[in-house]
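Reproduced below: start_30.cif, with mmCIF, C-alpha atoms.
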```
data_protein
loop_
_atom_site.label_atom_id
_atom_site.label_comp_id
_atom_site.auth_asym_id
_atom_site.auth_seq_id
_atom_site.Cartn_x
_atom_site.Cartn_y
_atom_site.Cartn_z
CA MET U 453 27.65 83.25 -28.23
CA PHE U 454 25.30 85.09 -30.55
CA PHE U 455 22.15 84.06 -28.65
CA SER U 456 23.50 84.16 -25.09
CA LYS U 457 22.08 87.67 -24.43
CA ASN U 458 19.05 89.57 -25.68
CA LYS U 459 17.77 86.53 -27.50
CA ARG U 460 14.66 88.22 -28.85
CA GLU U 461 16.68 91.16 -30.16
CA ARG U 462 19.14 88.87 -31.94
CA ILE U 463 16.30 87.00 -33.60
CA GLN U 464 14.77 90.28 -34.72
CA ASP U 465 18.13 91.25 -36.18
CA ILE U 466 18.08 88.13 -38.35
CA GLU U 467 14.46 88.66 -39.33
CA GLN U 468 15.18 92.27 -40.29
CA ALA U 469 18.26 91.28 -42.27
CA ILE U 470 16.21 88.76 -44.25
CA ALA U 471 13.47 91.35 -44.80
CA ASP U 472 16.06 93.84 -46.04
CA TYR U 473 17.63 91.29 -48.35
CA TYR U 474 14.31 90.49 -50.04
CA ALA U 475 13.11 94.12 -49.85
CA VAL U 476 9.94 93.33 -47.93
CA GLY U 477 8.43 95.03 -44.91
CA ARG U 478 8.88 92.04 -42.67
CA VAL U 479 9.21 88.31 -43.01
CA TYR U 480 7.38 86.86 -40.05
CA THR U 481 3.76 86.34 -39.16
CA LYS U 482 1.32 89.22 -38.98
CA THR U 483 0.57 88.29 -35.36
CA ASP U 484 3.79 87.31 -33.58
CA ALA U 485 7.08 85.89 -34.76
CA ILE U 486 7.25 82.21 -33.86
CA VAL U 487 10.59 81.40 -32.31
CA ALA U 488 11.79 78.23 -30.60
CA LEU U 489 15.33 78.44 -29.23
CA ALA U 490 17.38 75.97 -27.28
CA ASP U 491 18.65 77.19 -23.91
CA PRO U 492 22.15 78.62 -24.51
CA ALA U 493 23.19 77.45 -21.04
CA LYS U 494 22.93 73.88 -22.27
CA TYR U 495 25.41 74.41 -25.12
CA ALA U 496 28.44 72.19 -24.80
CA ILE U 497 31.87 73.76 -25.23
CA GLY U 498 33.40 72.98 -28.61
CA LYS U 499 30.13 72.49 -30.42
CA LYS U 500 29.23 74.83 -33.25
CA GLN U 501 25.93 76.68 -33.21
CA THR U 502 23.57 76.04 -36.08
CA ILE U 503 20.91 78.58 -36.88
CA GLU U 504 17.93 76.94 -38.56
CA ILE U 505 15.74 79.38 -40.49
CA SER U 506 12.39 78.31 -41.93
CA LEU U 507 11.09 80.66 -44.61
CA GLY U 508 7.43 80.94 -45.57
CA PHE U 509 8.38 81.41 -49.21
CA THR U 510 10.54 79.51 -51.71
CA VAL U 511 13.70 81.21 -52.97
CA LYS U 512 16.11 78.32 -53.49
CA SER U 513 18.31 80.05 -56.06
CA THR U 514 19.14 82.87 -53.61
CA LEU U 515 20.05 80.86 -50.50
CA ASP U 516 23.85 80.94 -50.85
CA ALA U 517 23.77 84.69 -51.41
CA LEU U 518 21.39 85.13 -48.47
CA LYS U 519 23.71 83.24 -46.11
CA LYS U 520 26.66 85.40 -47.15
CA ALA U 521 24.59 88.55 -46.72
CA LEU U 522 23.50 87.50 -43.21
CA GLN U 523 27.08 86.72 -42.15
CA GLN U 524 28.34 90.04 -43.51
CA LYS U 525 25.57 92.10 -41.91
CA LEU U 526 25.66 90.19 -38.59
CA PRO U 527 29.33 89.37 -37.87
CA ASN U 528 28.41 87.54 -34.66
CA ILE U 529 26.93 84.68 -36.66
CA ALA U 530 29.84 84.42 -39.08
CA LYS U 531 31.05 81.24 -37.39
CA CYS U 532 27.60 79.67 -37.11
CA ASN U 533 26.18 77.13 -39.50
CA ILE U 534 23.10 78.53 -41.23
CA GLU U 535 20.52 76.07 -42.49
CA ILE U 536 17.52 77.38 -44.42
CA SER U 537 14.37 75.47 -45.29
CA PHE U 538 10.94 76.34 -46.68
CA ASN U 539 7.56 75.95 -45.02
CA VAL U 540 4.96 77.71 -47.16
CA PRO U 541 1.84 78.69 -45.18
CA ILE U 542 -1.79 78.10 -46.04
CA THR U 543 -3.27 81.51 -46.77
CA GLN U 544 -6.71 82.75 -45.83
CA ALA U 545 -9.47 82.38 -48.45
CA LYS U 546 -13.25 82.67 -48.61
CA VAL U 547 -13.84 78.91 -48.53
CA ALA U 548 -12.13 75.93 -46.94
CA PRO U 549 -8.78 74.83 -48.40
CA ILE U 550 -8.65 72.13 -51.07
CA PRO U 551 -7.22 68.95 -49.54
CA ASN U 552 -3.41 68.97 -49.83
CA VAL U 553 -3.35 72.39 -51.56
CA LYS U 554 -1.95 75.28 -49.54
CA ASN U 555 -2.42 78.14 -52.00
CA VAL U 556 -4.39 78.62 -55.22
CA ILE U 557 -3.01 81.32 -57.52
CA ALA U 558 -5.00 82.36 -60.59
CA VAL U 559 -3.20 83.55 -63.70
CA SER U 560 -5.56 85.79 -65.61
CA SER U 561 -5.73 88.14 -68.59
CA GLY U 562 -8.40 90.42 -69.90
CA LYS U 563 -7.97 89.18 -73.47
CA GLY U 564 -6.55 86.22 -75.34
CA GLY U 565 -3.26 86.05 -77.19
CA VAL U 566 -1.10 87.71 -74.55
CA GLY U 567 0.78 84.58 -73.48
CA LYS U 568 -1.17 83.75 -70.33
CA SER U 569 -0.94 79.95 -70.65
CA ALA U 570 2.77 80.03 -71.41
CA THR U 571 3.22 82.25 -68.37
CA SER U 572 1.20 79.84 -66.20
CA VAL U 573 3.24 76.81 -67.23
CA ASN U 574 6.62 78.51 -66.97
CA LEU U 575 5.65 80.11 -63.64
CA ALA U 576 4.79 76.65 -62.30
CA TYR U 577 8.17 75.23 -63.29
CA ALA U 578 9.99 78.34 -62.07
CA LEU U 579 8.35 77.96 -58.64
CA GLN U 580 9.42 74.32 -58.64
CA LYS U 581 13.01 75.34 -59.36
CA GLU U 582 12.82 77.70 -56.41
CA GLY U 583 11.96 74.78 -54.11
CA ALA U 584 8.15 74.65 -54.16
CA ARG U 585 5.75 71.75 -54.67
CA VAL U 586 3.57 72.87 -57.54
CA GLY U 587 0.52 71.85 -59.54
CA ILE U 588 -1.19 73.41 -62.53
CA LEU U 589 -4.87 73.36 -63.39
CA ASP U 590 -6.04 74.31 -66.87
CA ALA U 591 -9.32 76.14 -66.21
CA ASP U 592 -9.86 77.12 -69.84
CA ILE U 593 -12.72 74.72 -70.42
CA TYR U 594 -13.36 75.84 -74.00
CA GLY U 595 -9.78 76.07 -75.23
CA PRO U 596 -7.38 74.06 -73.05
CA SER U 597 -3.76 74.48 -74.13
CA VAL U 598 -1.78 73.36 -71.07
CA PRO U 599 -1.63 69.68 -72.22
CA ILE U 600 0.08 70.76 -75.45
CA MET U 601 2.55 72.94 -73.55
CA LEU U 602 3.32 70.06 -71.18
CA GLY U 603 3.90 67.72 -74.13
CA ASN U 604 1.23 65.14 -73.25
CA PRO U 605 -2.02 66.10 -75.06
CA GLN U 606 -2.99 62.43 -75.53
CA ALA U 607 -2.62 61.51 -71.86
CA HIS U 608 -5.54 60.73 -69.52
CA PRO U 609 -5.69 60.82 -65.71
CA ASP U 610 -6.06 57.53 -63.85
CA SER U 611 -8.99 56.75 -61.55
CA LYS U 612 -9.22 53.88 -59.07
CA ASP U 613 -12.79 54.44 -57.95
CA ASN U 614 -14.45 56.05 -61.00
CA ARG U 615 -15.22 59.08 -58.83
CA THR U 616 -11.88 60.78 -58.33
CA MET U 617 -8.80 61.02 -60.53
CA TYR U 618 -5.08 61.39 -60.16
CA PRO U 619 -3.34 64.31 -61.87
CA LEU U 620 -0.73 63.75 -64.56
CA MET U 621 2.80 64.15 -63.22
CA VAL U 622 5.01 65.95 -65.73
CA GLU U 623 8.61 66.49 -64.60
CA GLY U 624 7.46 66.86 -61.02
CA ILE U 625 4.45 69.11 -61.73
CA ALA U 626 0.95 67.78 -60.97
CA ALA U 627 -1.38 68.76 -63.83
CA ASN U 628 -5.00 68.38 -64.82
CA SER U 629 -7.08 69.81 -67.63
CA ILE U 630 -10.34 69.23 -69.45
CA GLY U 631 -8.03 68.57 -72.39
CA TYR U 632 -7.06 65.27 -70.78
CA LEU U 633 -10.69 64.20 -70.51
CA VAL U 634 -12.25 65.11 -73.86
CA ASP U 635 -11.29 64.47 -77.46
CA GLY U 636 -8.84 67.14 -78.53
CA GLU U 637 -10.51 67.41 -81.94
CA SER U 638 -13.97 68.09 -80.47
CA ALA U 639 -15.37 71.45 -79.41
CA SER U 640 -16.74 71.89 -75.88
CA ILE U 641 -20.14 73.41 -76.68
CA TRP U 642 -21.27 73.97 -73.10
CA ARG U 643 -23.38 76.61 -71.45
CA GLY U 644 -21.92 78.50 -68.51
CA PRO U 645 -23.33 76.25 -65.74
CA MET U 646 -21.91 73.14 -67.44
CA ALA U 647 -18.49 74.74 -67.79
CA THR U 648 -18.39 75.88 -64.17
CA LYS U 649 -19.51 72.45 -62.96
CA ALA U 650 -16.71 70.87 -64.99
CA LEU U 651 -14.22 73.27 -63.43
CA LYS U 652 -15.31 72.42 -59.89
CA GLN U 653 -15.04 68.72 -60.68
CA LEU U 654 -11.53 69.21 -62.03
CA ILE U 655 -10.52 70.99 -58.84
CA TYR U 656 -12.26 68.95 -56.17
CA GLU U 657 -12.30 65.48 -57.75
CA THR U 658 -8.58 65.51 -58.48
CA LYS U 659 -6.48 63.82 -55.78
CA TRP U 660 -3.76 66.44 -55.63
CA PRO U 661 -0.49 65.60 -53.91
CA LEU U 662 0.76 68.00 -51.25
CA LEU U 663 1.20 71.32 -53.05
CA ASP U 664 2.53 74.67 -51.91
CA TYR U 665 0.96 76.32 -54.95
CA LEU U 666 -1.72 75.32 -57.43
CA ILE U 667 -1.42 77.56 -60.49
CA VAL U 668 -4.76 77.99 -62.28
CA ASP U 669 -4.63 79.04 -65.93
CA LEU U 670 -7.87 80.97 -66.40
CA PRO U 671 -9.61 81.59 -69.73
CA PRO U 672 -9.51 85.16 -71.08
CA GLY U 673 -12.12 87.63 -69.93
CA THR U 674 -14.22 88.01 -66.78
CA GLY U 675 -16.98 85.43 -67.16
CA ASP U 676 -18.62 82.53 -65.31
CA ILE U 677 -15.38 80.59 -64.82
CA HIS U 678 -13.76 83.55 -63.07
CA LEU U 679 -16.73 84.11 -60.78
CA THR U 680 -16.91 80.42 -59.87
CA LEU U 681 -13.22 80.30 -59.08
CA SER U 682 -13.35 83.48 -57.01
CA GLN U 683 -16.48 82.60 -55.03
CA GLN U 684 -16.43 78.81 -54.66
CA VAL U 685 -12.73 77.93 -54.69
CA PRO U 686 -10.17 79.01 -52.02
CA LEU U 687 -8.38 81.44 -54.28
CA SER U 688 -5.39 82.99 -52.51
CA ALA U 689 -4.41 85.63 -55.07
CA ALA U 690 -4.15 86.45 -58.76
CA VAL U 691 -1.43 87.35 -61.26
CA ILE U 692 -2.38 89.43 -64.30
CA VAL U 693 -0.75 88.86 -67.70
CA THR U 694 -0.80 91.48 -70.44
CA THR U 695 1.19 92.99 -73.28
CA PRO U 696 2.22 96.66 -73.27
CA GLN U 697 -0.17 98.15 -75.83
CA THR U 698 -3.22 100.12 -74.75
CA ILE U 699 -5.80 97.67 -76.13
CA ALA U 700 -4.32 94.87 -74.00
CA THR U 701 -3.84 96.86 -70.80
CA ALA U 702 -7.39 98.20 -71.09
CA ASP U 703 -8.71 94.64 -70.92
CA ALA U 704 -6.23 93.71 -68.18
CA LYS U 705 -7.56 96.64 -66.17
CA LYS U 706 -11.02 95.06 -66.23
CA GLY U 707 -9.52 91.83 -64.92
CA ILE U 708 -7.85 93.66 -62.03
CA ALA U 709 -11.11 95.49 -61.28
CA MET U 710 -12.95 92.16 -61.15
CA PHE U 711 -10.53 90.72 -58.57
CA GLU U 712 -10.70 93.93 -56.54
CA LYS U 713 -14.50 93.72 -56.42
CA LEU U 714 -14.24 90.09 -55.31
CA ALA U 715 -11.62 90.97 -52.65
CA ILE U 716 -8.96 88.76 -54.25
CA PRO U 717 -5.44 90.18 -53.85
CA VAL U 718 -3.60 90.92 -57.11
CA LEU U 719 0.07 90.10 -56.61
CA GLY U 720 1.23 91.94 -59.70
CA ILE U 721 1.42 92.11 -63.47
CA VAL U 722 3.54 90.08 -65.88
CA GLU U 723 4.21 91.95 -69.11
CA ASN U 724 4.72 89.66 -72.10
CA MET U 725 6.25 90.74 -75.42
CA SER U 726 7.62 93.73 -73.56
CA TYR U 727 10.51 94.34 -75.95
CA PHE U 728 12.57 92.75 -78.69
CA GLU U 729 16.29 92.42 -78.13
CA CYS U 730 18.48 91.93 -81.19
CA LYS U 731 21.80 90.08 -81.12
CA CYS U 732 23.60 93.40 -80.82
CA GLY U 733 21.90 93.92 -77.43
CA GLU U 734 19.74 96.85 -78.49
CA LYS U 735 16.10 96.77 -77.34
CA SER U 736 13.13 97.92 -79.38
CA TYR U 737 9.50 98.13 -78.26
CA PRO U 738 7.16 97.00 -81.07
CA PHE U 739 4.07 96.99 -78.83
CA SER U 740 4.62 100.32 -77.08
CA GLN U 741 6.26 100.80 -73.70
CA GLY U 742 5.22 101.48 -70.13
CA GLY U 743 1.62 100.28 -70.32
CA SER U 744 1.95 97.73 -67.52
CA ALA U 745 3.87 100.12 -65.28
CA LEU U 746 1.09 102.69 -65.61
CA LEU U 747 -1.56 100.04 -64.94
CA ALA U 748 0.31 98.83 -61.86
CA GLU U 749 0.59 102.38 -60.53
CA GLN U 750 -3.13 102.99 -61.03
CA HIS U 751 -4.05 99.89 -59.03
CA GLY U 752 -1.40 99.95 -56.33
CA THR U 753 0.42 96.84 -57.48
CA GLU U 754 3.72 96.16 -59.29
CA VAL U 755 5.13 94.77 -62.51
CA LEU U 756 6.53 91.39 -61.50
CA GLY U 757 8.57 91.03 -64.66
CA GLU U 758 8.94 92.05 -68.29
CA LEU U 759 9.44 89.20 -70.73
CA PRO U 760 10.92 89.78 -74.18
CA LEU U 761 9.31 88.95 -77.49
CA SER U 762 11.19 85.66 -77.74
CA ASN U 763 10.88 82.84 -80.22
CA ASP U 764 12.21 80.49 -77.53
CA ILE U 765 9.06 80.90 -75.42
CA ARG U 766 6.76 80.14 -78.35
CA GLU U 767 8.84 77.34 -79.82
CA HIS U 768 9.28 75.38 -76.61
CA ALA U 769 5.62 75.86 -75.61
CA ASP U 770 4.54 74.44 -78.98
CA ASN U 771 6.96 71.53 -78.58
CA GLY U 772 5.74 70.62 -75.11
CA LYS U 773 8.96 71.58 -73.33
CA PRO U 774 8.55 74.87 -71.43
CA VAL U 775 11.49 77.22 -71.84
CA VAL U 776 12.23 77.18 -68.09
CA ASN U 777 13.12 73.49 -68.45
CA ALA U 778 14.42 73.53 -72.02
CA LEU U 779 16.81 76.46 -71.51
CA PRO U 780 17.50 76.60 -67.76
CA ASP U 781 20.41 79.03 -68.09
CA SER U 782 18.74 81.49 -70.47
CA ASN U 783 17.87 85.10 -69.71
CA VAL U 784 14.18 84.30 -70.21
CA THR U 785 14.33 81.56 -67.58
CA SER U 786 16.06 83.96 -65.21
CA ILE U 787 13.15 86.41 -65.62
CA TYR U 788 10.57 83.69 -64.96
CA GLN U 789 12.43 82.64 -61.80
CA SER U 790 12.55 86.24 -60.62
CA ILE U 791 8.77 86.44 -61.13
CA ALA U 792 8.32 83.17 -59.25
CA ARG U 793 10.35 84.42 -56.29
CA LYS U 794 8.33 87.64 -56.12
CA VAL U 795 5.06 85.69 -56.22
CA SER U 796 6.19 83.33 -53.47
CA ILE U 797 7.53 86.11 -51.26
CA LYS U 798 4.30 88.07 -51.59
CA VAL U 799 2.18 85.05 -50.72
CA GLY U 800 4.37 84.32 -47.69
CA THR U 801 4.67 87.85 -46.34
CA ILE U 802 1.63 89.89 -47.40
CA LEU U 803 -1.33 87.50 -47.46
CA GLN U 804 -3.14 86.63 -44.25
CA PRO U 805 -2.38 83.09 -43.03
CA HIS U 806 -5.31 80.71 -42.64
CA GLN U 807 -6.61 80.00 -39.15
CA LEU U 808 -5.46 76.39 -39.60
CA THR U 809 -1.92 77.73 -39.95
CA ARG U 810 -2.09 80.16 -37.04
CA ASP U 811 -3.35 77.48 -34.69
CA LYS U 812 -0.49 75.10 -35.39
CA THR U 813 2.33 74.70 -32.91
CA ALA U 814 5.78 76.19 -33.40
CA GLY U 815 7.82 74.55 -36.10
CA GLU U 816 4.87 73.66 -38.32
CA ASP U 817 3.31 75.65 -41.16
CA LYS U 818 4.03 79.21 -40.14
CA ASN U 819 3.97 82.33 -42.24
CA GLY U 820 7.31 84.11 -42.62
CA VAL U 821 10.35 83.06 -40.61
CA ASN U 822 10.85 80.52 -37.85
CA ILE U 823 14.34 80.55 -36.29
CA GLN U 824 15.81 77.82 -34.15
CA VAL U 825 19.28 77.40 -32.68
CA VAL U 826 20.66 73.91 -32.20
CA ASN U 827 24.00 72.36 -31.34
CA LYS U 828 25.75 70.13 -33.83
CA SER U 829 29.14 68.56 -33.36
#
```

Can the structure from this file be put into structure tokens for me?
Amino acid sequence: MFFSKNKRERIQDIEQAIADYYAVGRVYTKTDAIVALADPAKYAIGKKQTIEISLGFTVKSTLDALKKALQQKLPNIAKCNIEISFNVPITQAKVAPIPNVKNVIAVSSGKGGVGKSATSVNLAYALQKEGARVGILDADIYGPSVPIMLGNPQAHPDSKDNRTMYPLMVEGIAANSIGYLVDGESASIWRGPMATKALKQLIYETKWPLLDYLIVDLPPGTGDIHLTLSQQVPLSAAVIVTTPQTIATADAKKGIAMFEKLAIPVLGIVENMSYFECKCGEKSYPFSQGGSALLAEQHGTEVLGELPLSNDIREHADNGKPVVNALPDSNVTSIYQSIARKVSIKVGTILQPHQLTRDKTAGEDKNGVNIQVVNKS
């Protein structure tokens, strides 16, 4: 039996194989790996071992390949059933967690027009496709665009007590925005304190369902909204969106610097309009090349993905059907899902788990990998 001897070593072999597969340093908690194993002496003859692996990140599209990789790398488990589930941890933040929300991830850009909102919406749906429970909050108080991209700009959240509200559910994503609460034809002429108060109300007076990730689409720049979110909301990490040209990466650099000053981890950079690919397969770079890679190198982060200059992204965003849902088998969707997996893996393996998570018993919300062996007929 695979676990009959050197149990701890065998578990570490599995953990290391998973870490190697996803190219991360390690895939268990920063303190100790949490392992609960049945006593092999109790195994009945003729029953097949099942290895249950609980990952702290969501990578649904890779599970079949992961199982094959584990069985090839560790021949002793070739005859075992392998069952993999997800249990995303609550990560450490400056303030207490939002009820039902495990992680808050800000999507930010130094300037407008770089595709930040489209990235936020498609990232949310890509995370959902990878097995996560996801919500999206439109924090652009002055120019909310998420309702248009979700296809429900005329919708309004329900309230049963006139104090709190329920988010809109759009194809499984929980969403809220100031755009659902004010007339779309009116301008929000608010001073900074009014805008930040509205943001906090949107976050804390929304009755979110249980979410692994709440994606927050920030307005461009580094103003009051960003400071409020960073200092008064349990922000887990940030993703920066830019285009390749110098004028865009220069502004994105300021956004990264802001999060660094506020001690908010930057998971990486998404480069929009990275290249144009003609039908012949040749790529051209109308907005320069390599700007995001240089920016990532300067700040010790990585480029999470490079998205093409694609009419599909724009068209489906305008029509209220994000490209990840409208064209699930497209190359663009594949890139968004790759970005989503990287974001989830980084949250689950690099960020510090919240004390609430660390204090839980084995089998509950744990960061990384929890392995159990059970007998099933």

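Once the PyMOL selection byres ((chain U and resi 583-595) around 6) is applied to this file, the selection holds Thr510, Lys512, Leu579, Gln580, Lys581, Glu582, Pro596, Ile625, Ala626, Ala627, Asn628, Ser629, Ser640, Leu663, Asp664, Tyr665, Leu666, Ile667, Val668, Asp669, Leu670 and Pro671 of chain U.
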
Seminar exercise, completed: If you count all atoms listed in the file, the residue of U:Pro619, U:Gly477, U:Gly631, U:Gly673 closest to Ser560 of chain U turns out to be U:Gly673

For this session: Run the PyMOL selection byres ((chain U and resi 540) around 7) on the file and write out the hits as number ranges by chain.
Result: U: 508-509, 538-539, 541-542, 664, 800, 817, 819

For this session: Name every residue that the PyMOL selection byres ((chain U and resi 537) around 7) selects in this structure, writing the answer as a ChimeraX atom specification with chains first and numbers rising.
Result: /U:505-507,535-536,538-539

Exercise. What lies within 9 Å of Cys532 of chain U using all atoms listed in the file, ignoring chain neighbours under 2 positions off, as an MDAnalysis selection string?
Worked result: chainID U and resid 454 500:503 523 528:530 534

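In this structure, atom CA of Ala689 of chain U sits 24.3 Å away from atom CA of Val622 of chain U.
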
Seminar exercise, completed: Min atom-atom distance to Thr616 of chain U from the set U:Ser762, U:Glu657, U:Ala704, U:Ala558, counting all atoms listed in the file, belongs to U:Glu657

For this session: Excluding Pro696 of chain U and residues on its chain fewer than 5 positions from it, collect all residues at most 7 Å away from it, counting all atoms listed in the file, and give them as a PyMOL selection string.
Result: chain U and resi 701+723+726+739-744

For this session: Give me the residues within 10 Å of Lys659 of chain U as a PyMOL selection string, counting all atoms listed in the file and dropping any in the same chain fewer than 5 places off.
Result: chain U and resi 550-552+611+616-619+626+654

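If you measure from each of U:Thr695, U:Gln468, U:Asn555, U:Gln684 to Val799 of chain U using all atoms listed in the file, the closest one turns out to be U:Asn555.
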
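Going from atom CA of Arg793 of chain U over to atom CA of Tyr474 of chain U, you cover 9.6 Å.
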
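Residue nearest Pro805 of chain U within the list U:Ala647, U:Ala545, U:Leu633, U:Ala607: U:Ala545 [criterion: smallest interatomic distance, all atoms listed in the file].
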
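With distances restricted to all atoms listed in the file, U:Leu620 is the closest residue to Thr658 of chain U from U:Ala700, U:Leu620, U:Met601, U:Leu515.
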
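In this structure, atom CA of His608 of chain U sits 20.3 Å away from atom CA of Ala576 of chain U.
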